[in-house]
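S.K.: Before anything else, here's the structure in question.
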Protein chains: 2
Amino acid sequence: MSQISELKKSDTKRDGKKTQDDIVYAHIFDAILEQRLSPGTKLNEESLGEIFGVSRTIIRRALSRLGYEQVVVLRPNRGAVVACPTIEEARQIVFARRVVEKAVMELVCDNAQKKQLEQLRQMVRDEQACFDRGDRGAGIRLSGEFHLLLAEIANNPPLLSFQRSLVSLCSLIIAQYESGAKSHCSYDEHFELIDAIAGKDKPRAVSLMMHHLDHIEEKLSLDDEIATDDLKAIFSHVRNPR
Amino acid sequence: MSQISELKKSDTKRDGKKTQDDIVYAHIFDAILEQRLSPGTKLNEESLGEIFGVSRTIIRRALSRLGYEQVVVLRPNRGAVVACPTIEEARQIVFARRVVEKAVMELVCDNAQKKQLEQLRQMVRDEQACFDRGDRGAGIRLSGEFHLLLAEIANNPPLLSFQRSLVSLCSLIIAQYESGAKSHCSYDEHFELIDAIAGKDKPRAVSLMMHHLDHIEEKLSLDDEIATDDLKAIFSHVRNPR
DNA sequence: CATACTATAATTGTATACAAAAAAGTCAAC
DNA sequence: GTTGACTTTTTTGTATACAATTATAGTATG
């Protein structure tokens, strides 16, 4: 396995006041958001330690944080794997996200300053640029970060922290169930959202957001039976002769 | 400091498949829910290790989980303290809780089975019994656990996990800002909520819940200027002569 | 007496060693 | 060729040692 970059003291200082496990956490989080890490991938502690140039202590801290966010599943004595939400779980996650995004949208319509609207627009322009130049990974990440920026503008730290977890989980869901080549979260819709916010049109902003989330959920319905890994269901027609 | 109980392997096994840090986490969480741990209390790693009979490794894991839930604040190099939400933060937490409780209530009205209604009623009876016999700590904890049981019945794990964080934070807010002797969350209101759920009366259930949360927020408005620790505001009339 | 400075103690951060558990491999028996 | 018991290797869980940082006490100085 190749070394990404040894995180030495000097790096830590350059990165601000972030501690080493924050950095490891951020790298893994980004990899998930960019869909470079697929659902189900085993996250070996020692390998990760070598990659980042730190001891397992740091890796374990980062993994347990990801585990708390449910992006990673920690199986006792059996290590950590990137989460593979079932369709049932995916529906619950999207539902939770509807709840949060609605609240965020209403707060943002009330609070958003001109400067923040420009920040949002810039981020969507970046997102567009990424897709245009074919950098799908970065595009997907920025698409997720757009929703995180909305939660930040809503100015409610608990909701933001919950949103982090939900956005990364949705990224996994899309990775697992996206069938066609169609991009999952188009920037046009993001521009429309910004317009609604700028016009302080709460009902329209919320309805656009709900529509936005419908796209994710539609894929779940389509793939309903196909994508399942429930062996019992797959072989339900086989009768046990005993 | 006295030893509560050494958590040895045997205990761990008796407690099911919970690992040691789960147990430490649960003990601290309960202490916060019962308001035996006050906002601002320093949580020394070595002391906690002695109390629970485990090494700092385990304590640190439990603390970082509590830190993720924001119930405990982890100050780099300066240790962990029980969170002291400011009034501003308290408002944000209560807002987030309104959002979650509304969604939970609607799900519960749709899904609740007879058996679960009885479970809810039993819990509120227990709560009432605690207050009647003067066990305020356990009463407060059960009051919080009632709301967690609702989130469980809503059958949405992400929302449940968020609710855990919000309920414990609210317990801290109440500990910090509760002025009178009046109990913060009366069981009568819980019985009313159950009735609304049993009648599948969504609007009433939601409105009762919002009213329930108003009680917490009212205290914040009352103590608005008094309880603040913003030194700059307190001494704003003092002119700096330089 | 207050303040700044230094030495010391206490506490947190990280790496590592070892124990415990799970996974992978070996090989004989059928 | 498959199955099952045994051994070895790998991986995770926990304690501990040491380094880095912060807090405390003591001391000298104005």
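Quick note on naming: the chains in the structure tokens go A, B, ... in the order shown, residues restart at 1 in each chain, and ligands are numbered from 1 in order of appearance.
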Give me the chain A side of the contact with chain B, cut-off 9 Å, one line per residue showing its nearest atom pair and distance in Å at one decimal, counting only C-alpha atoms, sorted by chain and residue number, as CSV.

M.R.:
```
residue,atom,partner,partner_atom,distance
A:Thr19,CA,B:Pro76,CA,8.3
A:Arg61,CA,B:Arg61,CA,7.6
A:Ser64,CA,B:Arg65,CA,8.0
A:Arg65,CA,B:Arg65,CA,7.3
A:Tyr68,CA,B:Arg65,CA,7.3
A:Glu69,CA,B:Pro158,CA,8.8
A:Gln70,CA,B:Pro158,CA,8.3
A:Pro76,CA,B:Thr19,CA,8.3
A:Glu89,CA,B:Asn156,CA,8.2
A:Gln92,CA,B:Asn156,CA,5.6
A:Ile93,CA,B:Pro158,CA,6.6
A:Phe95,CA,B:Asn156,CA,8.5
A:Ala96,CA,B:Leu159,CA,6.3
A:Val99,CA,B:Ala103,CA,6.9
A:Val100,CA,B:Val99,CA,7.5
A:Ala103,CA,B:Val99,CA,6.9
A:Asn155,CA,B:Gln92,CA,8.3
A:Asn156,CA,B:Gln92,CA,5.6
A:Pro157,CA,B:Gln92,CA,7.5
A:Pro158,CA,B:Ile93,CA,6.6
A:Leu159,CA,B:Ala96,CA,6.3
A:Ser161,CA,B:Tyr68,CA,8.9
A:Phe162,CA,B:Phe162,CA,6.8
A:Ser165,CA,B:Pro158,CA,8.8
A:Leu166,CA,B:Pro158,CA,8.1
```

S.K.: Any chance you can output those residues with N, CA, C and O atoms as a compact mmCIF listing (two decimals), in the first residue's frame?

M.R.:
```txt
# COMPACT_ATOMS: atom_id res chain seq x y z
N THR A 19 -6.20 18.28 15.19
CA THR A 19 -5.35 17.22 15.71
C THR A 19 -5.23 16.14 14.63
O THR A 19 -5.92 16.18 13.61
N ARG A 61 -9.42 6.19 16.86
CA ARG A 61 -10.22 7.35 17.24
C ARG A 61 -11.03 7.84 16.06
O ARG A 61 -12.23 8.13 16.19
N SER A 64 -13.83 5.39 15.30
CA SER A 64 -14.98 5.37 16.21
C SER A 64 -15.84 6.61 15.99
O SER A 64 -17.06 6.55 16.16
N ARG A 65 -15.22 7.71 15.58
CA ARG A 65 -16.04 8.88 15.26
C ARG A 65 -16.90 8.61 14.03
O ARG A 65 -18.11 8.90 14.03
N TYR A 68 -19.66 6.50 15.05
CA TYR A 68 -20.76 7.20 15.70
C TYR A 68 -21.67 7.83 14.66
O TYR A 68 -22.90 7.81 14.80
N GLU A 69 -21.09 8.33 13.60
CA GLU A 69 -21.89 8.95 12.53
C GLU A 69 -22.59 7.91 11.66
O GLU A 69 -23.28 8.24 10.72
N GLN A 70 -22.34 6.66 11.93
CA GLN A 70 -22.95 5.52 11.25
C GLN A 70 -22.50 5.36 9.81
O GLN A 70 -23.09 4.57 9.07
N PRO A 76 -17.70 -5.53 16.69
CA PRO A 76 -16.78 -5.88 17.77
C PRO A 76 -15.89 -7.07 17.41
O PRO A 76 -16.39 -8.08 16.93
N GLU A 89 -32.98 0.81 5.49
CA GLU A 89 -32.18 1.84 6.17
C GLU A 89 -32.06 3.09 5.32
O GLU A 89 -32.12 4.22 5.83
N GLN A 92 -35.01 5.22 5.69
CA GLN A 92 -35.02 5.93 6.98
C GLN A 92 -34.07 7.11 6.95
O GLN A 92 -34.37 8.18 7.49
N ILE A 93 -32.91 6.92 6.30
CA ILE A 93 -31.93 8.00 6.23
C ILE A 93 -32.48 9.16 5.40
O ILE A 93 -32.39 10.32 5.80
N PHE A 95 -35.56 9.85 4.87
CA PHE A 95 -36.63 10.48 5.65
C PHE A 95 -36.05 11.48 6.63
O PHE A 95 -36.50 12.63 6.73
N ALA A 96 -35.04 11.03 7.39
CA ALA A 96 -34.41 11.92 8.38
C ALA A 96 -33.87 13.16 7.68
O ALA A 96 -33.95 14.28 8.20
N VAL A 99 -36.47 15.72 6.96
CA VAL A 99 -36.82 16.46 8.18
C VAL A 99 -35.80 17.57 8.42
O VAL A 99 -36.15 18.73 8.67
N VAL A 100 -34.51 17.22 8.33
CA VAL A 100 -33.47 18.20 8.62
C VAL A 100 -33.42 19.27 7.53
O VAL A 100 -33.36 20.47 7.83
N ALA A 103 -36.10 21.95 7.85
CA ALA A 103 -35.82 22.91 8.92
C ALA A 103 -34.68 23.84 8.52
O ALA A 103 -34.75 25.05 8.73
N ASN A 155 -27.14 28.10 10.90
CA ASN A 155 -26.60 28.55 12.18
C ASN A 155 -27.16 27.77 13.37
O ASN A 155 -27.56 28.35 14.36
N ASN A 156 -27.19 26.47 13.21
CA ASN A 156 -27.66 25.61 14.30
C ASN A 156 -26.71 24.41 14.38
O ASN A 156 -26.86 23.43 13.65
N PRO A 157 -25.69 24.49 15.26
CA PRO A 157 -24.66 23.45 15.30
C PRO A 157 -25.18 22.03 15.46
O PRO A 157 -24.68 21.14 14.76
N PRO A 158 -26.17 21.77 16.32
CA PRO A 158 -26.65 20.39 16.40
C PRO A 158 -27.20 19.89 15.06
O PRO A 158 -26.89 18.77 14.64
N LEU A 159 -27.97 20.71 14.39
CA LEU A 159 -28.50 20.28 13.09
C LEU A 159 -27.37 20.07 12.08
O LEU A 159 -27.40 19.12 11.29
N SER A 161 -24.31 19.10 12.66
CA SER A 161 -23.59 17.86 12.94
C SER A 161 -24.41 16.65 12.48
O SER A 161 -23.87 15.67 11.95
N PHE A 162 -25.72 16.72 12.65
CA PHE A 162 -26.58 15.63 12.19
C PHE A 162 -26.57 15.58 10.67
O PHE A 162 -26.48 14.49 10.06
N SER A 165 -23.66 13.68 9.12
CA SER A 165 -23.86 12.24 9.11
C SER A 165 -24.80 11.83 7.98
O SER A 165 -24.53 10.88 7.23
N LEU A 166 -25.88 12.58 7.80
CA LEU A 166 -26.87 12.20 6.80
C LEU A 166 -26.36 12.38 5.38
O LEU A 166 -26.62 11.55 4.50
```

S.K.: Going by DSSP on the backbone, which bits of region 6-135 of chain B are strand (DSSP E or B)? Write them as a list in words, please.

M.R.: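 Taking region 6-135 of chain B and keeping strand (DSSP E or B) gives Lys42, Leu43, Val72, Val73, Leu74, Arg75, Gly79, Ala80, Val81 and Val82 of chain B.
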
S.K.: Check every residue of chain C for an atom within 8 Å of chain A, counting only C-alpha atoms (C1' of nucleotides), and provide those that qualify as a short mmCIF file (atom, residue, chain, number, x, y, z; two decimals) with N, CA, C and O atoms (P, O5', C5', C4', C3', O3' and C1' of nucleotides), in the first residue's frame.

M.R.:
```
data_model
loop_
_atom_site.label_atom_id
_atom_site.label_comp_id
_atom_site.auth_asym_id
_atom_site.auth_seq_id
_atom_site.Cartn_x
_atom_site.Cartn_y
_atom_site.Cartn_z
P DT C 14 -2.61 13.17 19.57
"O5'" DT C 14 -1.59 11.97 19.71
"C5'" DT C 14 -0.19 12.26 19.70
"C4'" DT C 14 0.60 10.99 19.90
"C3'" DT C 14 0.23 9.84 18.96
"O3'" DT C 14 1.37 9.62 18.14
"C1'" DT C 14 0.53 9.09 21.21
P DA C 15 1.38 8.44 17.07
"O5'" DA C 15 2.22 7.32 17.83
"C5'" DA C 15 3.48 7.68 18.40
"C4'" DA C 15 4.07 6.50 19.16
"C3'" DA C 15 4.15 5.19 18.38
"O3'" DA C 15 5.45 4.66 18.53
"C1'" DA C 15 3.00 4.87 20.46
P DA C 21 -11.46 -13.65 24.51
"O5'" DA C 21 -11.81 -13.55 22.96
"C5'" DA C 21 -12.09 -12.26 22.40
"C4'" DA C 21 -11.87 -12.31 20.92
"C3'" DA C 21 -12.57 -13.48 20.23
"O3'" DA C 21 -13.64 -12.94 19.46
"C1'" DA C 21 -10.33 -13.11 19.41
P DA C 22 -14.54 -13.90 18.51
"O5'" DA C 22 -13.80 -13.80 17.11
"C5'" DA C 22 -13.58 -12.51 16.55
"C4'" DA C 22 -12.78 -12.63 15.27
"C3'" DA C 22 -13.39 -13.57 14.23
"O3'" DA C 22 -13.42 -12.88 13.01
"C1'" DA C 22 -11.12 -14.13 14.63
#
```

S.K.: Counting only C-alpha atoms (C1' of nucleotides), what is within 9 Å of region 21-24 of chain D, bar same-chain residues fewer than 2 positions away, as a list in words?

M.R.: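 The filter keeps Asn77 and Arg78 of chain B; DT8, DA9, DA10, DT11, DT12 and DG13 of chain C.
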
S.K.: For those residues, write C-alpha atoms (C1' of nucleotides) to a file as a compact mmCIF listing (two decimals), in the first residue's frame.

M.R.:
```
# COMPACT_ATOMS: atom_id res chain seq x y z
CA ASN B 77 -4.80 19.21 25.81
CA ARG B 78 -7.08 20.52 28.54
C1' DT C 8 7.55 21.01 39.65
C1' DA C 9 3.54 18.37 39.44
C1' DA C 10 -0.50 16.88 37.14
C1' DT C 11 -2.86 15.80 32.94
C1' DT C 12 -3.46 14.80 28.27
C1' DG C 13 -1.68 12.82 23.63
```

S.K.: When DSSP is applied to the backbone of this structure, which of region 49-124 of chain B are assigned helix (DSSP H, G or I)? Write them out as an MDAnalysis selection string.

M.R.: chainID B and resid 49:52 56:68 87:111 114:124

S.K.: Find the spatial neighbours of Asp126 (chain B), counting only C-alpha atoms (C1' of nucleotides), within a cut-off of 10 Å - ignore same-chain residues fewer than 6 positions away - and output them as a ChimeraX atom specification.

M.R.: /B:120,132,138-139,142-143,187

S.K.: Kindly export the residues of the current selection with N, CA, C and O atoms, as a short mmCIF file (atom, residue, chain, number, x, y, z; two decimals), in the first residue's frame.

M.R.:
```cif
data_model
loop_
_atom_site.label_atom_id
_atom_site.label_comp_id
_atom_site.auth_asym_id
_atom_site.auth_seq_id
_atom_site.Cartn_x
_atom_site.Cartn_y
_atom_site.Cartn_z
N LEU B 120 -45.23 2.59 26.75
CA LEU B 120 -45.13 4.02 27.06
C LEU B 120 -45.85 4.33 28.38
O LEU B 120 -45.31 5.02 29.25
N ASP B 132 -43.23 10.54 43.12
CA ASP B 132 -44.05 10.41 44.32
C ASP B 132 -43.21 10.00 45.52
O ASP B 132 -43.41 10.49 46.63
N ALA B 138 -34.06 9.71 39.40
CA ALA B 138 -34.59 8.65 38.54
C ALA B 138 -35.81 9.15 37.77
O ALA B 138 -36.01 8.79 36.60
N GLY B 139 -36.61 10.01 38.40
CA GLY B 139 -37.78 10.56 37.73
C GLY B 139 -37.39 11.36 36.50
O GLY B 139 -37.95 11.18 35.41
N LEU B 142 -36.18 9.01 33.76
CA LEU B 142 -37.28 8.32 33.07
C LEU B 142 -38.02 9.28 32.16
O LEU B 142 -38.49 8.90 31.08
N SER B 143 -38.15 10.52 32.61
CA SER B 143 -38.80 11.52 31.77
C SER B 143 -38.07 11.66 30.44
O SER B 143 -38.69 11.72 29.38
N TYR B 187 -45.42 14.48 34.27
CA TYR B 187 -45.89 13.22 33.70
C TYR B 187 -47.33 13.33 33.20
O TYR B 187 -47.73 12.56 32.34
#
```

S.K.: Within 12 Å of DC18 (chain C), counting only C-alpha atoms (C1' of nucleotides), which residues show up once you throw out same-chain ones fewer than 3 positions away? Write them as a list in words, please.

M.R.: DG13, DT14, DA15 and DT16 of chain D

S.K.: Filtering to C-alpha atoms (C1' of nucleotides), could you give me those residues as an mmCIF file, in the first residue's frame?

M.R.:
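Saved to result.cif:
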```
data_model
loop_
_atom_site.group_PDB
_atom_site.id
_atom_site.type_symbol
_atom_site.label_atom_id
_atom_site.label_comp_id
_atom_site.auth_asym_id
_atom_site.auth_seq_id
_atom_site.Cartn_x
_atom_site.Cartn_y
_atom_site.Cartn_z
ATOM 1 C "C1'" DG D 13 -8.946 -4.918 22.354
ATOM 2 C "C1'" DT D 14 -6.734 -3.123 26.426
ATOM 3 C "C1'" DA D 15 -3.099 -1.584 29.438
ATOM 4 C "C1'" DT D 16 0.873 0.879 29.999
#
```

S.K.: What gap, in Å, lies between CA of Gly137 (chain B) and CA of Val82 (chain B)?

M.R.: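 Taking CA of Gly137 (chain B) and CA of Val82 (chain B), their separation equals 17.3 Å.
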
S.K.: So the first atom is CA of Pro203 (chain B) and the second is CA of Ala90 (chain B); what is the distance between them in Å, to one decimal place?

M.R.: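 Value for the CA of Pro203 (chain B)-CA of Ala90 (chain B) distance: 25.8 Å.
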